[in-house]
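Data block for target.txt (compact mmCIF, C-alpha atoms):
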```
# COMPACT_ATOMS: atom_id res chain seq x y z
CA MET M 1 146.19 1.08 61.44
CA ASP M 2 149.01 -1.34 62.32
CA LEU M 3 150.31 -0.91 65.84
CA LEU M 4 154.03 -1.08 66.48
CA GLU M 5 155.10 -3.84 68.82
CA THR M 6 158.26 -4.38 70.81
CA GLY M 7 161.12 -5.62 68.68
CA ALA M 8 159.86 -3.86 65.53
CA PRO M 9 162.09 -1.32 63.80
CA ALA M 10 161.16 2.21 64.88
CA PRO M 11 159.82 4.24 61.95
CA THR M 12 162.27 6.86 60.79
CA PHE M 13 161.36 10.53 60.83
CA ARG M 14 162.82 13.97 60.27
CA LEU M 15 160.88 16.77 61.97
CA MET M 16 161.43 20.43 62.81
CA SER M 17 162.25 21.11 66.45
CA ASP M 18 161.48 24.09 68.62
CA SER M 19 165.12 25.17 68.14
CA GLY M 20 164.59 25.57 64.39
CA SER M 21 166.76 22.60 63.42
CA SER M 22 165.52 19.29 62.10
CA VAL M 23 165.83 16.15 64.19
CA SER M 24 165.79 12.62 62.83
CA LEU M 25 165.79 9.25 64.50
CA GLY M 26 168.99 8.50 62.58
CA ASP M 27 170.69 11.43 64.37
CA LEU M 28 170.13 9.55 67.64
CA ARG M 29 171.32 6.10 66.51
CA GLY M 30 173.43 4.51 69.23
CA ARG M 31 171.40 6.12 72.05
CA TRP M 32 168.22 5.14 73.82
CA VAL M 33 165.35 7.42 72.82
CA VAL M 34 162.21 8.25 74.79
CA LEU M 35 159.84 9.40 72.04
CA TYR M 36 156.54 10.60 73.40
CA PHE M 37 153.50 11.88 71.52
CA TYR M 38 151.17 14.32 73.24
CA PRO M 39 147.97 16.08 72.08
CA ARG M 40 148.65 19.82 72.53
CA ASP M 41 151.00 22.39 74.01
CA ASN M 42 149.80 24.30 77.07
CA THR M 43 147.06 21.88 78.12
CA PRO M 44 147.04 20.62 81.72
CA GLY M 45 147.90 16.96 81.03
CA CYS M 46 150.51 17.76 78.40
CA THR M 47 152.11 20.37 80.63
CA ARG M 48 152.31 17.94 83.55
CA GLN M 49 153.77 15.26 81.27
CA ALA M 50 156.46 17.63 79.94
CA LYS M 51 157.33 18.74 83.48
CA ASP M 52 157.53 15.10 84.66
CA PHE M 53 159.88 14.19 81.81
CA GLY M 54 161.85 17.35 82.62
CA ASP M 55 162.14 16.24 86.25
CA ALA M 56 163.36 12.81 85.09
CA LEU M 57 165.64 14.20 82.37
CA ALA M 58 168.94 14.01 84.30
CA THR M 59 168.24 10.38 85.26
CA LEU M 60 167.22 9.46 81.71
CA GLU M 61 170.32 11.15 80.29
CA ASP M 62 172.54 9.37 82.86
CA LEU M 63 171.02 6.12 81.56
CA GLY M 64 171.99 7.12 78.02
CA ALA M 65 168.60 8.29 76.75
CA ALA M 66 167.44 11.34 74.84
CA VAL M 67 163.89 12.60 75.45
CA ILE M 68 161.82 13.97 72.57
CA GLY M 69 158.24 15.24 72.63
CA VAL M 70 156.13 15.27 69.46
CA SER M 71 152.80 16.96 68.76
CA LYS M 72 151.00 18.41 65.77
CA ASP M 73 151.58 21.95 67.09
CA GLY M 74 153.84 24.23 65.09
CA ARG M 75 157.24 25.60 66.05
CA GLU M 76 155.89 28.90 67.37
CA SER M 77 153.57 27.08 69.79
CA HIS M 78 156.41 24.76 70.87
CA CYS M 79 158.69 27.73 71.56
CA ALA M 80 156.10 29.45 73.75
CA PHE M 81 155.40 26.16 75.59
CA ARG M 82 159.13 25.49 76.06
CA ASP M 83 159.85 28.98 77.36
CA LYS M 84 156.83 29.15 79.66
CA PHE M 85 157.61 25.82 81.37
CA LYS M 86 161.42 25.74 80.90
CA ILE M 87 161.35 22.50 78.91
CA ARG M 88 164.92 21.33 78.30
CA PHE M 89 164.43 18.66 75.63
CA PRO M 90 163.40 18.98 71.96
CA LEU M 91 159.75 19.40 70.99
CA LEU M 92 159.11 18.32 67.42
CA SER M 93 156.35 19.52 65.10
CA ASP M 94 154.48 16.90 63.09
CA VAL M 95 151.91 19.18 61.47
CA ASP M 96 151.17 16.81 58.59
CA LEU M 97 150.72 13.89 61.08
CA GLU M 98 152.97 11.60 59.01
CA THR M 99 155.03 10.52 62.03
CA HIS M 100 151.91 10.21 64.20
CA ARG M 101 150.46 7.81 61.66
CA ALA M 102 153.72 5.86 61.28
CA TYR M 103 153.73 5.23 65.03
CA GLY M 104 149.97 4.51 65.14
CA VAL M 105 149.17 7.37 67.52
CA TRP M 106 146.67 9.30 65.40
CA GLY M 107 143.20 7.87 65.54
CA THR M 108 139.80 7.78 67.15
CA LYS M 109 139.69 8.52 70.84
CA VAL M 110 136.93 9.30 73.29
CA LEU M 111 137.06 12.62 75.13
CA TYR M 112 134.28 13.51 77.54
CA GLY M 113 132.07 10.85 75.98
CA ARG M 114 132.57 12.07 72.39
CA LYS M 115 134.49 10.22 69.71
CA MET M 116 137.00 12.34 67.85
CA GLN M 117 140.18 12.08 65.79
CA GLY M 118 143.31 13.07 67.66
CA THR M 119 146.62 12.16 69.16
CA ILE M 120 146.54 9.08 71.35
CA ARG M 121 149.00 9.93 74.13
CA SER M 122 151.77 7.34 73.67
CA THR M 123 155.43 6.78 74.47
CA PHE M 124 158.00 4.61 72.71
CA LEU M 125 161.31 3.57 74.21
CA ILE M 126 163.64 3.01 71.27
CA SER M 127 166.85 1.01 71.67
CA PRO M 128 170.27 2.19 70.45
CA THR M 129 169.84 -0.20 67.49
CA GLY M 130 166.63 1.58 66.42
CA ARG M 131 164.14 -1.04 67.61
CA ILE M 132 161.06 -0.54 69.77
CA ALA M 133 162.00 -1.72 73.28
CA SER M 134 158.79 -0.70 75.13
CA VAL M 135 155.45 0.86 74.18
CA TRP M 136 152.89 2.71 76.27
CA ARG M 137 149.57 3.62 74.59
CA GLY M 138 146.73 5.66 76.02
CA VAL M 139 149.14 6.97 78.66
CA ARG M 140 147.89 8.28 81.98
CA VAL M 141 150.30 11.04 82.95
CA ASN M 142 150.64 10.42 86.68
CA GLY M 143 153.64 8.16 87.31
CA HIS M 144 154.38 7.67 83.62
CA ALA M 145 157.86 9.27 83.53
CA GLU M 146 158.90 7.05 86.45
CA ALA M 147 157.59 3.97 84.61
CA VAL M 148 159.72 4.91 81.59
CA VAL M 149 162.81 5.31 83.80
CA ASP M 150 162.13 1.90 85.37
CA ALA M 151 161.70 0.27 81.94
CA LEU M 152 164.92 1.84 80.66
CA ARG M 153 166.82 0.57 83.70
CA ALA M 154 165.40 -2.92 83.16
CA HIS M 155 166.34 -2.94 79.46
CA ARG M 156 169.86 -1.75 80.23
CA GLU M 157 170.29 -4.51 82.84
CA GLN M 158 169.19 -7.12 80.28
CA ALA M 159 171.51 -5.82 77.55
CA PRO M 160 174.66 -7.87 76.94
CA LYS M 161 177.71 -6.25 78.50
CA LYS M 162 180.50 -5.13 76.18
CA LYS M 163 183.76 -6.99 76.67
CA ARG M 164 186.81 -4.97 77.59
CA SER M 165 189.91 -5.59 75.55
```
Rewrite the coordinates I just gave you, this time as structure tokens.
Amino acid sequence: MDLLETGAPAPTFRLMSDSGSSVSLGDLRGRWVVLYFYPRDNTPGCTRQAKDFGDALATLEDLGAAVIGVSKDGRESHCAFRDKFKIRFPLLSDVDLETHRAYGVWGTKVLYGRKMQGTIRSTFLISPTGRIASVWRGVRVNGHAEAVVDALRAHREQAPKKKRS
């Protein structure tokens, strides 16, 4: 499995969202994208992560970013998760794991001392040009949303300023 590194083109995808419409990376071209992969709806860590990104959503949007969560759960599960926790950003279903594999987030992990195949909790900050700006793998939920906000601010400060005519 090749791991994506900063500067690499972000793999394209088109996935079904909780709203019933499809979402593609191309639809978001020109915006920053926080694309995070999580193991399962309605689990404690995944719930906390979604809530943390929800709490940071206004700041991320003010910085020009869209937030998208991806798991292998289906649309029905995403809808129940969204409604139960009032999640205000798209949750995408990758039931065939194609996008997980493209981003290198499906693989062997250790849970309670046992090796198993599953989603490796990961986040990708994708630039408006469609390149990977930052990568977090094996994410620990506490403080992660804030780290993403900080990284986005840093990238925006480094970006060349557009000249006014």
**OP:** Skip Leu35 in chain M itself and residues of its chain fewer than 6 positions away, then list as a PyMOL selection string all residues within 12 Å of it, counting only C-alpha atoms.
**Re:** chain M and resi 10-13+23-25+28+50+53+65-71+89-92+99-100+103+105+121-127+130+132-136+145+148
Subject >> Selection: 9 Å around Arg88 in chain M, all atoms listed in the file, excl. self and same-chain fewer than 6 positions, as a ChimeraX atom specification >> reply: /M:54,57,82
Original post:
What gap, in Å, lies between CA of Arg40 in chain M and CA of His144 in chain M?
Top reply: 17.4 Å
Quick one: residues within 10 Å of Asp73 in chain M, all atoms listed in the file, excluding same-chain residues fewer than 3 positions away - as a CSV table (one decimal) with C-alpha atoms, in the coordinates of the input?
```csv
chain,number,residue,atom,x,y,z
M,38,TYR,CA,151.2,14.3,73.2
M,39,PRO,CA,148.0,16.1,72.1
M,40,ARG,CA,148.6,19.8,72.5
M,41,ASP,CA,151.0,22.4,74.0
M,70,VAL,CA,156.1,15.3,69.5
M,76,GLU,CA,155.9,28.9,67.4
M,77,SER,CA,153.6,27.1,69.8
M,78,HIS,CA,156.4,24.8,70.9
M,91,LEU,CA,159.8,19.4,71.0
M,92,LEU,CA,159.1,18.3,67.4
M,93,SER,CA,156.4,19.5,65.1
M,94,ASP,CA,154.5,16.9,63.1
M,95,VAL,CA,151.9,19.2,61.5
M,96,ASP,CA,151.2,16.8,58.6
```
Original post:
Quick one: distance from CA of Leu4 in chain M to CA of Gly107 in chain M in Å, one decimal?
Top reply: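 Separation of CA of Leu4 in chain M and CA of Gly107 in chain M: 14.1 Å.
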Subject >> Neighbour residues at most 12 Å from (153.5, 17.5, 85.5) (only C-alpha atoms) as a list of chain:residue names >> reply: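 These residues have at least one counted atom within 12 Å: M:Asn42, M:Thr43, M:Pro44, M:Gly45, M:Cys46, M:Thr47, M:Arg48, M:Gln49, M:Ala50, M:Lys51, M:Asp52, M:Phe53, M:Gly54, M:Asp55, M:Ala56, M:Phe85, M:Ile87, M:Arg140, M:Val141, M:Asn142, M:Gly143, M:His144, M:Ala145, M:Glu146.
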Original post:
Looking at M:Ser17, M:Lys84, M:Leu111, M:Val33, which one is nearest to Leu152 in chain M, with distances taken over all atoms listed in the file?
Top reply: M:Val33
Original post:
Of the candidates M:Gly74, M:Gly64, M:Gly138, M:Gly118, which one gets nearest to Arg31 in chain M if we count all atoms listed in the file?
Top reply: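 Using all atoms listed in the file, the shortest distance to Arg31 in chain M belongs to M:Gly64.
Taking CA of Gly26 in chain M and CA of Arg131 in chain M as endpoints, the distance between them is 11.8 Å.
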Subject >> Minimum-distance residue to Glu157 in chain M, chosen among M:Leu15, M:Val139, M:Val34, M:Leu63 (using all atoms listed in the file) >> reply: M:Leu63
Subject >> Contacts of Cys79 in chain M within 8 Å, all atoms listed in the file, excl. fewer than 4 positions in-chain, as a ChimeraX atom specification >> reply: /M:18-19,75,83
Take the residues from that selection and write them out as an mmCIF file, keeping the file's coordinate frame, keeping C-alpha atoms.
```cif
data_model
loop_
_atom_site.group_PDB
_atom_site.id
_atom_site.type_symbol
_atom_site.label_atom_id
_atom_site.label_comp_id
_atom_site.auth_asym_id
_atom_site.auth_seq_id
_atom_site.Cartn_x
_atom_site.Cartn_y
_atom_site.Cartn_z
ATOM 1 C CA ASP M 18 161.480 24.090 68.620
ATOM 2 C CA SER M 19 165.120 25.170 68.140
ATOM 3 C CA ARG M 75 157.240 25.600 66.050
ATOM 4 C CA ASP M 83 159.850 28.980 77.360
#
```
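With only C-alpha atoms as the atoms that count, the residue of M:Leu60, M:Phe37, M:Arg14, M:Gly30 with the shortest distance to Ala151 in chain M is M:Leu60.
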**OP:** Point out the residue among M:Arg156, M:Leu97, M:Thr108, M:Val149 with the least atom-to-atom distance to Ala58 in chain M, counting only C-alpha atoms.
**Re:**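 The closest residue to Ala58 in chain M is M:Val149.
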**OP:** Tell me which of M:Ala147, M:Arg137, M:Pro128, M:Ala8 sits closest to Gly104 in chain M, counting only C-alpha atoms.
**Re:**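 Closest to Gly104 in chain M of all the choices is M:Arg137.
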